[in-house]
>>> print(open('run.pdb').read())   # PDB, C-alpha atoms
ATOM      1  CA  MET A   3       0.000   0.000   0.000
ATOM      2  CA  PRO A   4       1.324   3.513  -0.695
ATOM      3  CA  GLY A   5       3.179   4.960   2.259
ATOM      4  CA  SER A   6       1.433   8.312   2.732
ATOM      5  CA  THR A   7      -0.270   8.833   6.052
ATOM      6  CA  ASN A   8      -3.177  10.685   4.470
ATOM      7  CA  CYS A   9      -5.923   8.336   3.404
ATOM      8  CA  MET A  10      -7.431  10.696   0.830
ATOM      9  CA  ASN A  11      -4.002  11.396  -0.701
ATOM     10  CA  ASP A  12      -3.648   7.691  -1.310
ATOM     11  CA  MET A  13      -7.156   7.205  -2.632
ATOM     12  CA  LEU A  14      -7.538  10.021  -5.117
ATOM     13  CA  PRO A  15      -4.784   9.110  -7.600
ATOM     14  CA  VAL A  16      -5.985   5.484  -7.594
ATOM     15  CA  ARG A  17      -9.529   6.702  -8.188
ATOM     16  CA  ASP A  18      -8.277   8.909 -11.045
ATOM     17  CA  ALA A  19      -6.465   5.965 -12.622
ATOM     18  CA  LEU A  20      -9.483   3.670 -12.290
ATOM     19  CA  PHE A  21     -11.692   6.358 -13.797
ATOM     20  CA  VAL A  22      -9.591   6.275 -16.974
ATOM     21  CA  VAL A  23      -8.610   2.606 -17.282
ATOM     22  CA  GLY A  24     -10.838   0.802 -14.789
ATOM     23  CA  GLY A  25     -13.835  -1.248 -15.735
ATOM     24  CA  LYS A  26     -13.975  -4.534 -17.516
ATOM     25  CA  TRP A  27     -12.776  -3.684 -21.009
ATOM     26  CA  LYS A  28     -10.308  -0.829 -21.381
ATOM     27  CA  LEU A  29      -7.147  -2.688 -20.436
ATOM     28  CA  MET A  30      -8.300  -5.670 -22.522
ATOM     29  CA  ILE A  31      -8.540  -3.362 -25.527
ATOM     30  CA  LEU A  32      -5.082  -1.885 -24.890
ATOM     31  CA  ILE A  33      -3.618  -5.393 -24.592
ATOM     32  CA  SER A  34      -5.346  -6.401 -27.824
ATOM     33  CA  LEU A  35      -3.836  -3.399 -29.610
ATOM     34  CA  SER A  36      -0.422  -4.206 -28.149
ATOM     35  CA  HIS A  37      -0.691  -7.558 -29.926
ATOM     36  CA  GLY A  38      -1.092  -5.933 -33.303
ATOM     37  CA  ASN A  39      -4.874  -5.905 -33.660
ATOM     38  CA  THR A  40      -5.689  -2.662 -35.437
ATOM     39  CA  ARG A  41      -9.144  -3.062 -36.989
ATOM     40  CA  PHE A  42     -12.424  -2.906 -35.104
ATOM     41  CA  THR A  43     -13.406  -6.447 -36.064
ATOM     42  CA  GLN A  44      -9.968  -7.827 -35.112
ATOM     43  CA  ILE A  45     -10.161  -6.185 -31.699
ATOM     44  CA  GLU A  46     -13.738  -7.368 -31.225
ATOM     45  CA  LYS A  47     -12.827 -10.970 -32.050
ATOM     46  CA  SER A  48      -9.827 -10.927 -29.732
ATOM     47  CA  ILE A  49     -11.837  -9.977 -26.610
ATOM     48  CA  PRO A  50     -14.266 -12.649 -25.379
ATOM     49  CA  LYS A  51     -17.854 -11.470 -24.890
ATOM     50  CA  ILE A  52     -17.393  -7.800 -25.777
ATOM     51  CA  SER A  53     -20.247  -6.350 -27.857
ATOM     52  CA  SER A  54     -19.802  -3.992 -30.823
ATOM     53  CA  LYS A  55     -21.686  -1.262 -29.008
ATOM     54  CA  VAL A  56     -19.511  -1.467 -25.898
ATOM     55  CA  LEU A  57     -16.289  -1.721 -27.907
ATOM     56  CA  SER A  58     -17.276   1.346 -29.890
ATOM     57  CA  LYS A  59     -17.932   3.358 -26.708
ATOM     58  CA  GLU A  60     -14.719   2.171 -25.026
ATOM     59  CA  LEU A  61     -12.575   3.004 -28.074
ATOM     60  CA  LYS A  62     -14.018   6.509 -28.038
ATOM     61  CA  ASP A  63     -13.207   6.935 -24.331
ATOM     62  CA  LEU A  64      -9.670   5.650 -24.829
ATOM     63  CA  GLU A  65      -9.175   8.023 -27.750
ATOM     64  CA  GLU A  66     -10.433  10.960 -25.662
ATOM     65  CA  ASN A  67      -7.881  10.081 -22.998
ATOM     66  CA  GLU A  68      -5.163   9.904 -25.661
ATOM     67  CA  LEU A  69      -4.389   6.276 -24.981
ATOM     68  CA  ILE A  70      -5.225   5.189 -28.526
ATOM     69  CA  LYS A  71      -5.121   6.827 -31.909
ATOM     70  CA  ARG A  72      -7.805   6.413 -34.573
ATOM     71  CA  THR A  73      -6.558   6.685 -38.115
ATOM     72  CA  VAL A  74      -8.629   6.838 -41.286
ATOM     73  CA  VAL A  75      -6.781   4.981 -44.037
ATOM     74  CA  GLU A  76      -7.688   6.486 -47.403
ATOM     75  CA  ASP A  77      -7.995   3.257 -49.289
ATOM     76  CA  TYR A  78     -10.747   1.528 -51.296
ATOM     77  CA  PRO A  79     -12.850   1.167 -49.246
ATOM     78  CA  VAL A  80     -11.746   3.641 -46.604
ATOM     79  CA  SER A  81     -10.765   1.796 -43.427
ATOM     80  CA  ILE A  82     -10.252   2.747 -39.792
ATOM     81  CA  ARG A  83      -7.233   1.598 -37.805
ATOM     82  CA  TYR A  84      -6.572   1.891 -34.114
ATOM     83  CA  SER A  85      -3.152   2.007 -32.479
ATOM     84  CA  LEU A  86      -1.613   2.651 -29.077
ATOM     85  CA  THR A  87      -0.181   6.074 -28.370
ATOM     86  CA  ASP A  88       3.147   6.595 -26.612
ATOM     87  CA  TYR A  89       1.108   7.653 -23.598
ATOM     88  CA  ALA A  90      -0.524   4.205 -23.429
ATOM     89  CA  GLN A  91       2.938   2.725 -22.887
ATOM     90  CA  THR A  92       3.013   4.439 -19.493
ATOM     91  CA  LEU A  93       0.383   1.901 -18.392
ATOM     92  CA  GLY A  94       2.865  -0.944 -18.875
ATOM     93  CA  LYS A  95       3.667  -1.361 -15.190
ATOM     94  CA  VAL A  96       0.015  -1.158 -14.124
ATOM     95  CA  ILE A  97      -0.858  -3.924 -16.578
ATOM     96  CA  LEU A  98       2.178  -5.979 -15.586
ATOM     97  CA  GLU A  99       1.302  -5.858 -11.877
ATOM     98  CA  LEU A 100      -2.338  -6.741 -12.533
ATOM     99  CA  HIS A 101      -1.141  -9.576 -14.779
ATOM    100  CA  THR A 102       1.202 -10.946 -12.109
ATOM    101  CA  TRP A 103      -1.446 -10.658  -9.407
ATOM    102  CA  GLY A 104      -4.078 -12.303 -11.608
ATOM    103  CA  ILE A 105      -1.819 -15.302 -12.254
ATOM    104  CA  ASN A 106      -1.142 -15.736  -8.537
ATOM    105  CA  HIS A 107      -4.797 -15.295  -7.661
ATOM    106  CA  ARG A 108      -5.843 -18.010 -10.096
ATOM    107  CA  LYS A 109      -3.195 -20.369  -8.688
ATOM    108  CA  ARG A 110      -4.515 -19.664  -5.222
ATOM    109  CA  ILE A 111      -8.119 -20.358  -6.224
ATOM    110  CA  ILE A 112      -7.163 -23.560  -8.018
ATOM    111  CA  GLY A 113      -5.135 -24.636  -4.973
ATOM    112  CA  LYS A 114      -8.190 -24.198  -2.764
ATOM    113  CA  ASN A 115     -10.665 -25.800  -5.135
ATOM    114  CA  ALA A 116      -8.570 -28.564  -6.651
ATOM    115  CA  VAL A 117     -11.611 -30.636  -7.558
ATOM    116  CA  THR A 118     -13.285 -27.861  -9.489
ATOM    117  CA  ALA A 119     -10.136 -26.457 -11.081
ATOM    118  CA  ASP A 120     -11.483 -27.157 -14.573
ATOM    119  CA  HIS A 121     -14.355 -24.804 -13.971
ATOM    120  CA  VAL A 122     -12.306 -21.863 -12.718
TER
ATOM    121  CA  MET B   1       2.675  -4.394 -21.766
ATOM    122  CA  PRO B   2       3.431  -8.005 -20.778
ATOM    123  CA  GLY B   3       5.846  -9.700 -23.126
ATOM    124  CA  SER B   4       3.969 -12.858 -24.091
ATOM    125  CA  THR B   5       3.165 -13.269 -27.749
ATOM    126  CA  ASN B   6      -0.251 -14.760 -27.032
ATOM    127  CA  CYS B   7      -2.916 -12.103 -26.688
ATOM    128  CA  MET B   8      -5.292 -14.253 -24.654
ATOM    129  CA  ASN B   9      -2.492 -15.273 -22.268
ATOM    130  CA  ASP B  10      -1.924 -11.615 -21.536
ATOM    131  CA  MET B  11      -5.592 -10.738 -21.198
ATOM    132  CA  LEU B  12      -6.921 -13.471 -18.954
ATOM    133  CA  PRO B  13      -4.842 -12.814 -15.812
ATOM    134  CA  VAL B  14      -5.609  -9.087 -16.087
ATOM    135  CA  ARG B  15      -9.296  -9.918 -16.478
ATOM    136  CA  ASP B  16      -9.093 -12.190 -13.421
ATOM    137  CA  ALA B  17      -7.454  -9.448 -11.372
ATOM    138  CA  LEU B  18     -10.023  -6.847 -12.471
ATOM    139  CA  PHE B  19     -12.824  -9.262 -11.648
ATOM    140  CA  VAL B  20     -11.643  -9.354  -8.027
ATOM    141  CA  VAL B  21     -10.405  -5.811  -7.412
ATOM    142  CA  GLY B  22     -11.686  -3.819 -10.395
ATOM    143  CA  GLY B  23     -14.600  -1.432 -10.243
ATOM    144  CA  LYS B  24     -14.871   1.868  -8.531
ATOM    145  CA  TRP B  25     -14.742   0.954  -4.852
ATOM    146  CA  LYS B  26     -12.781  -2.151  -3.868
ATOM    147  CA  LEU B  27      -9.295  -0.646  -3.908
ATOM    148  CA  MET B  28     -10.643   2.459  -2.163
ATOM    149  CA  ILE B  29     -11.916   0.231   0.641
ATOM    150  CA  LEU B  30      -8.596  -1.598   0.921
ATOM    151  CA  ILE B  31      -6.739   1.724   1.074
ATOM    152  CA  SER B  32      -9.148   2.954   3.748
ATOM    153  CA  LEU B  33      -8.494  -0.177   5.829
ATOM    154  CA  SER B  34      -4.741   0.250   5.343
ATOM    155  CA  HIS B  35      -5.128   3.630   7.030
ATOM    156  CA  GLY B  36      -6.575   2.098  10.152
ATOM    157  CA  ASN B  37     -10.299   2.482   9.492
ATOM    158  CA  THR B  38     -11.900  -0.632  10.934
ATOM    159  CA  ARG B  39     -15.583   0.152  11.516
ATOM    160  CA  PHE B  40     -18.234   0.315   8.820
ATOM    161  CA  THR B  41     -19.057   3.950   9.546
ATOM    162  CA  GLN B  42     -15.363   4.950   9.560
ATOM    163  CA  ILE B  43     -14.817   3.295   6.198
ATOM    164  CA  GLU B  44     -18.001   4.843   4.802
ATOM    165  CA  LYS B  45     -16.956   8.333   5.885
ATOM    166  CA  SER B  46     -13.475   7.942   4.457
ATOM    167  CA  ILE B  47     -14.661   7.174   0.911
ATOM    168  CA  PRO B  48     -16.386  10.068  -0.876
ATOM    169  CA  LYS B  49     -19.799   9.258  -2.341
ATOM    170  CA  ILE B  50     -19.986   5.570  -1.417
ATOM    171  CA  SER B  51     -23.435   4.467  -0.204
ATOM    172  CA  SER B  52     -24.044   2.112   2.742
ATOM    173  CA  LYS B  53     -25.642  -0.417   0.444
ATOM    174  CA  VAL B  54     -22.712  -0.488  -1.967
ATOM    175  CA  LEU B  55     -20.141  -0.560   0.834
ATOM    176  CA  SER B  56     -21.943  -3.465   2.435
ATOM    177  CA  LYS B  57     -21.918  -5.440  -0.836
ATOM    178  CA  GLU B  58     -18.281  -4.619  -1.573
ATOM    179  CA  LEU B  59     -17.123  -5.639   1.915
ATOM    180  CA  LYS B  60     -18.865  -8.974   1.441
ATOM    181  CA  ASP B  61     -17.155  -9.522  -1.931
ATOM    182  CA  LEU B  62     -13.758  -8.619  -0.470
ATOM    183  CA  GLU B  63     -14.321 -10.988   2.434
ATOM    184  CA  GLU B  64     -15.278 -13.803   0.055
ATOM    185  CA  ASN B  65     -12.039 -13.237  -1.818
ATOM    186  CA  GLU B  66     -10.125 -13.314   1.474
ATOM    187  CA  LEU B  67      -8.821  -9.792   1.071
ATOM    188  CA  ILE B  68     -10.439  -8.568   4.267
ATOM    189  CA  LYS B  69     -11.412 -10.180   7.545
ATOM    190  CA  ARG B  70     -14.642  -9.437   9.404
ATOM    191  CA  THR B  71     -14.422  -9.801  13.152
ATOM    192  CA  VAL B  72     -17.270  -9.685  15.643
ATOM    193  CA  VAL B  73     -16.019  -8.006  18.807
ATOM    194  CA  GLU B  74     -17.960  -9.381  21.786
ATOM    195  CA  ASP B  75     -18.382  -6.115  23.575
ATOM    196  CA  TYR B  76     -21.399  -4.084  24.821
ATOM    197  CA  PRO B  77     -22.828  -3.504  22.286
ATOM    198  CA  VAL B  78     -21.326  -6.112  19.982
ATOM    199  CA  SER B  79     -19.336  -4.417  17.220
ATOM    200  CA  ILE B  80     -17.995  -5.481  13.848
ATOM    201  CA  ARG B  81     -14.456  -4.670  12.741
ATOM    202  CA  TYR B  82     -12.871  -5.073   9.351
ATOM    203  CA  SER B  83      -9.173  -5.577   8.692
ATOM    204  CA  LEU B  84      -6.857  -6.409   5.810
ATOM    205  CA  THR B  85      -5.658  -9.995   5.465
ATOM    206  CA  ASP B  86      -2.060 -10.892   4.662
ATOM    207  CA  TYR B  87      -3.318 -11.761   1.201
ATOM    208  CA  ALA B  88      -4.472  -8.166   0.648
ATOM    209  CA  GLN B  89      -0.851  -7.073   1.082
ATOM    210  CA  THR B  90      -0.060  -8.829  -2.208
ATOM    211  CA  LEU B  91      -2.011  -6.039  -3.929
ATOM    212  CA  GLY B  92       0.531  -3.464  -2.768
ATOM    213  CA  LYS B  93       2.336  -3.198  -6.107
ATOM    214  CA  VAL B  94      -0.909  -3.035  -8.094
ATOM    215  CA  ILE B  95      -2.109  -0.152  -5.929
ATOM    216  CA  LEU B  96       1.279   1.552  -6.039
ATOM    217  CA  GLU B  97       1.419   1.472  -9.849
ATOM    218  CA  LEU B  98      -2.151   2.761 -10.184
ATOM    219  CA  HIS B  99      -1.304   5.474  -7.666
ATOM    220  CA  THR B 100       1.806   6.538  -9.579
ATOM    221  CA  TRP B 101      -0.037   6.499 -12.894
ATOM    222  CA  GLY B 102      -2.973   8.446 -11.447
ATOM    223  CA  ILE B 103      -0.668  11.205 -10.175
ATOM    224  CA  ASN B 104       1.017  11.500 -13.570
ATOM    225  CA  HIS B 105      -2.299  11.451 -15.405
ATOM    226  CA  ARG B 106      -3.649  14.296 -13.289
ATOM    227  CA  LYS B 107      -0.475  16.334 -13.907
ATOM    228  CA  ARG B 108      -0.907  15.710 -17.616
ATOM    229  CA  ILE B 109      -4.549  16.814 -17.589
ATOM    230  CA  ILE B 110      -3.748  19.918 -15.557
ATOM    231  CA  GLY B 111      -0.900  20.717 -17.935
ATOM    232  CA  LYS B 112      -3.299  20.604 -20.884
ATOM    233  CA  ASN B 113      -6.108  22.530 -19.214
ATOM    234  CA  ALA B 114      -4.161  25.063 -17.160
ATOM    235  CA  VAL B 115      -7.078  27.479 -17.010
ATOM    236  CA  THR B 116      -9.497  24.916 -15.625
ATOM    237  CA  ALA B 117      -7.039  23.158 -13.346
ATOM    238  CA  ASP B 118      -9.104  24.081 -10.281
ATOM    239  CA  HIS B 119     -12.005  22.106 -11.642
ATOM    240  CA  VAL B 120     -10.088  18.912 -12.416
TER
END
>>> encode(input="run.pdb", output="structure tokens")
Amino acid sequence: MPGSTNCMNDMLPVRDALFVVGGKWKLMILISLSHGNTRFTQIEKSIPKISSKVLSKELKDLEENELIKRTVVEDYPVSIRYSLTDYAQTLGKVILELHTWGINHRKRIIGKNAVTADHV
Amino acid sequence: MPGSTNCMNDMLPVRDALFVVGGKWKLMILISLSHGNTRFTQIEKSIPKISSKVLSKELKDLEENELIKRTVVEDYPVSIRYSLTDYAQTLGKVILELHTWGINHRKRIIGKNAVTADHV
């Protein structure tokens, strides 16, 4: 836990961060883009259970926060590509720590529910 | 971003982590507890805009995931105290990275909207 003695000082930056990248989908989308998915349909396919409507809204939010860039490719037909901005790279450590914790958490759950591990 | 070449391998642990500690309130509650708030009303007061109903639900979820411990103190009247488990300490780095990112993000926003910085 952060070391500050002021509770609110510790909470507010975390709240700010969660406001921008919290929720179920935003980090999934950034990870998808980091794996080279650039088109809407590619991103949609890469994220289990996301709907077109939600993906569309989340991409817009991420673009507003300058975490992704939307580019119109003047081709026949015109196509839209999405890519990570340099600013999105600053989320690397956040994603890495969540990733590490998620792996350990799953191991812990499986350890406690060995019989039902297949269903985790 | 994590280094694996498999998109799903990168996404799933992050999704697992967000499932347990994502959302608006859970990390706020853990931070509040880390600052020595142990009673329901103390925790409620320390987190701006949380409702009793939501706090009650979130505390239950956190307890189920063994991140907090609920203790009944046999006093007059009986009182309930909440505390962090050792397992909750494993979230330290996640919280620290979100905290660091949140501070930088706010600086960035203020830098871009100098005139309206008071309203950020």
>>> interface_residues(input="run.pdb", of="chain B", to="chain A", cutoff="8 Å", atoms="all atoms listed in the file", output="ChimeraX atom specification")
/B:1-2,5-8,10-19,22-24,27-28,31-32,34-35,46,89-103,105-106
>>> write_last_selection(input="run.pdb", atoms="C-alpha atoms", output="PDB file, keeping the file's coordinate frame")
ATOM      1  CA  MET B   1       2.675  -4.394 -21.766  1.00  0.00           C
ATOM      2  CA  PRO B   2       3.431  -8.005 -20.778  1.00  0.00           C
ATOM      3  CA  THR B   5       3.165 -13.269 -27.749  1.00  0.00           C
ATOM      4  CA  ASN B   6      -0.251 -14.760 -27.032  1.00  0.00           C
ATOM      5  CA  CYS B   7      -2.916 -12.103 -26.688  1.00  0.00           C
ATOM      6  CA  MET B   8      -5.292 -14.253 -24.654  1.00  0.00           C
ATOM      7  CA  ASP B  10      -1.924 -11.615 -21.536  1.00  0.00           C
ATOM      8  CA  MET B  11      -5.592 -10.738 -21.198  1.00  0.00           C
ATOM      9  CA  LEU B  12      -6.921 -13.471 -18.954  1.00  0.00           C
ATOM     10  CA  PRO B  13      -4.842 -12.814 -15.812  1.00  0.00           C
ATOM     11  CA  VAL B  14      -5.609  -9.087 -16.087  1.00  0.00           C
ATOM     12  CA  ARG B  15      -9.296  -9.918 -16.478  1.00  0.00           C
ATOM     13  CA  ASP B  16      -9.093 -12.190 -13.421  1.00  0.00           C
ATOM     14  CA  ALA B  17      -7.454  -9.448 -11.372  1.00  0.00           C
ATOM     15  CA  LEU B  18     -10.023  -6.847 -12.471  1.00  0.00           C
ATOM     16  CA  PHE B  19     -12.824  -9.262 -11.648  1.00  0.00           C
ATOM     17  CA  GLY B  22     -11.686  -3.819 -10.395  1.00  0.00           C
ATOM     18  CA  GLY B  23     -14.600  -1.432 -10.243  1.00  0.00           C
ATOM     19  CA  LYS B  24     -14.871   1.868  -8.531  1.00  0.00           C
ATOM     20  CA  LEU B  27      -9.295  -0.646  -3.908  1.00  0.00           C
ATOM     21  CA  MET B  28     -10.643   2.459  -2.163  1.00  0.00           C
ATOM     22  CA  ILE B  31      -6.739   1.724   1.074  1.00  0.00           C
ATOM     23  CA  SER B  32      -9.148   2.954   3.748  1.00  0.00           C
ATOM     24  CA  SER B  34      -4.741   0.250   5.343  1.00  0.00           C
ATOM     25  CA  HIS B  35      -5.128   3.630   7.030  1.00  0.00           C
ATOM     26  CA  SER B  46     -13.475   7.942   4.457  1.00  0.00           C
ATOM     27  CA  GLN B  89      -0.851  -7.073   1.082  1.00  0.00           C
ATOM     28  CA  THR B  90      -0.060  -8.829  -2.208  1.00  0.00           C
ATOM     29  CA  LEU B  91      -2.011  -6.039  -3.929  1.00  0.00           C
ATOM     30  CA  GLY B  92       0.531  -3.464  -2.768  1.00  0.00           C
ATOM     31  CA  LYS B  93       2.336  -3.198  -6.107  1.00  0.00           C
ATOM     32  CA  VAL B  94      -0.909  -3.035  -8.094  1.00  0.00           C
ATOM     33  CA  ILE B  95      -2.109  -0.152  -5.929  1.00  0.00           C
ATOM     34  CA  LEU B  96       1.279   1.552  -6.039  1.00  0.00           C
ATOM     35  CA  GLU B  97       1.419   1.472  -9.849  1.00  0.00           C
ATOM     36  CA  LEU B  98      -2.151   2.761 -10.184  1.00  0.00           C
ATOM     37  CA  HIS B  99      -1.304   5.474  -7.666  1.00  0.00           C
ATOM     38  CA  THR B 100       1.806   6.538  -9.579  1.00  0.00           C
ATOM     39  CA  TRP B 101      -0.037   6.499 -12.894  1.00  0.00           C
ATOM     40  CA  GLY B 102      -2.973   8.446 -11.447  1.00  0.00           C
ATOM     41  CA  ILE B 103      -0.668  11.205 -10.175  1.00  0.00           C
ATOM     42  CA  HIS B 105      -2.299  11.451 -15.405  1.00  0.00           C
ATOM     43  CA  ARG B 106      -3.649  14.296 -13.289  1.00  0.00           C
TER      44      ARG B 106
END
>>> resolve_selection(input="run.pdb", expression="the PyMOL selection byres ((chain A and resi 58) around 12)", output="list of chain:residue names")
A:Trp27, A:Lys28, A:Ile31, A:Arg41, A:Phe42, A:Thr43, A:Ile45, A:Glu46, A:Ile52, A:Ser53, A:Ser54, A:Lys55, A:Val56, A:Leu57, A:Lys59, A:Glu60, A:Leu61, A:Lys62, A:Asp63, A:Leu64, A:Glu65, A:Arg72, A:Tyr84
>>> axis_aligned_box(input="run.pdb", around="range 35-42 of chain B", padding_each_side="5 Å", output="JSON")
{"center_x": -12.1, "center_y": 2.2, "center_z": 9.3, "size_x": 23.9, "size_y": 15.6, "size_z": 14.5}
>>> resolve_selection(input="run.pdb", expression="the PyMOL selection byres ((chain B and resi 83) around 6)", output="ChimeraX atom specification")
/B:68-69,82,84
>>> atom_distance(input="run.pdb", atom1="CA of Asp77 in chain A", atom2="CA of Thr40 in chain A")
15.2 Å
>>> atom_distance(input="run.pdb", atom1="CA of Gln42 in chain B", atom2="CA of Tyr76 in chain B")
18.7 Å
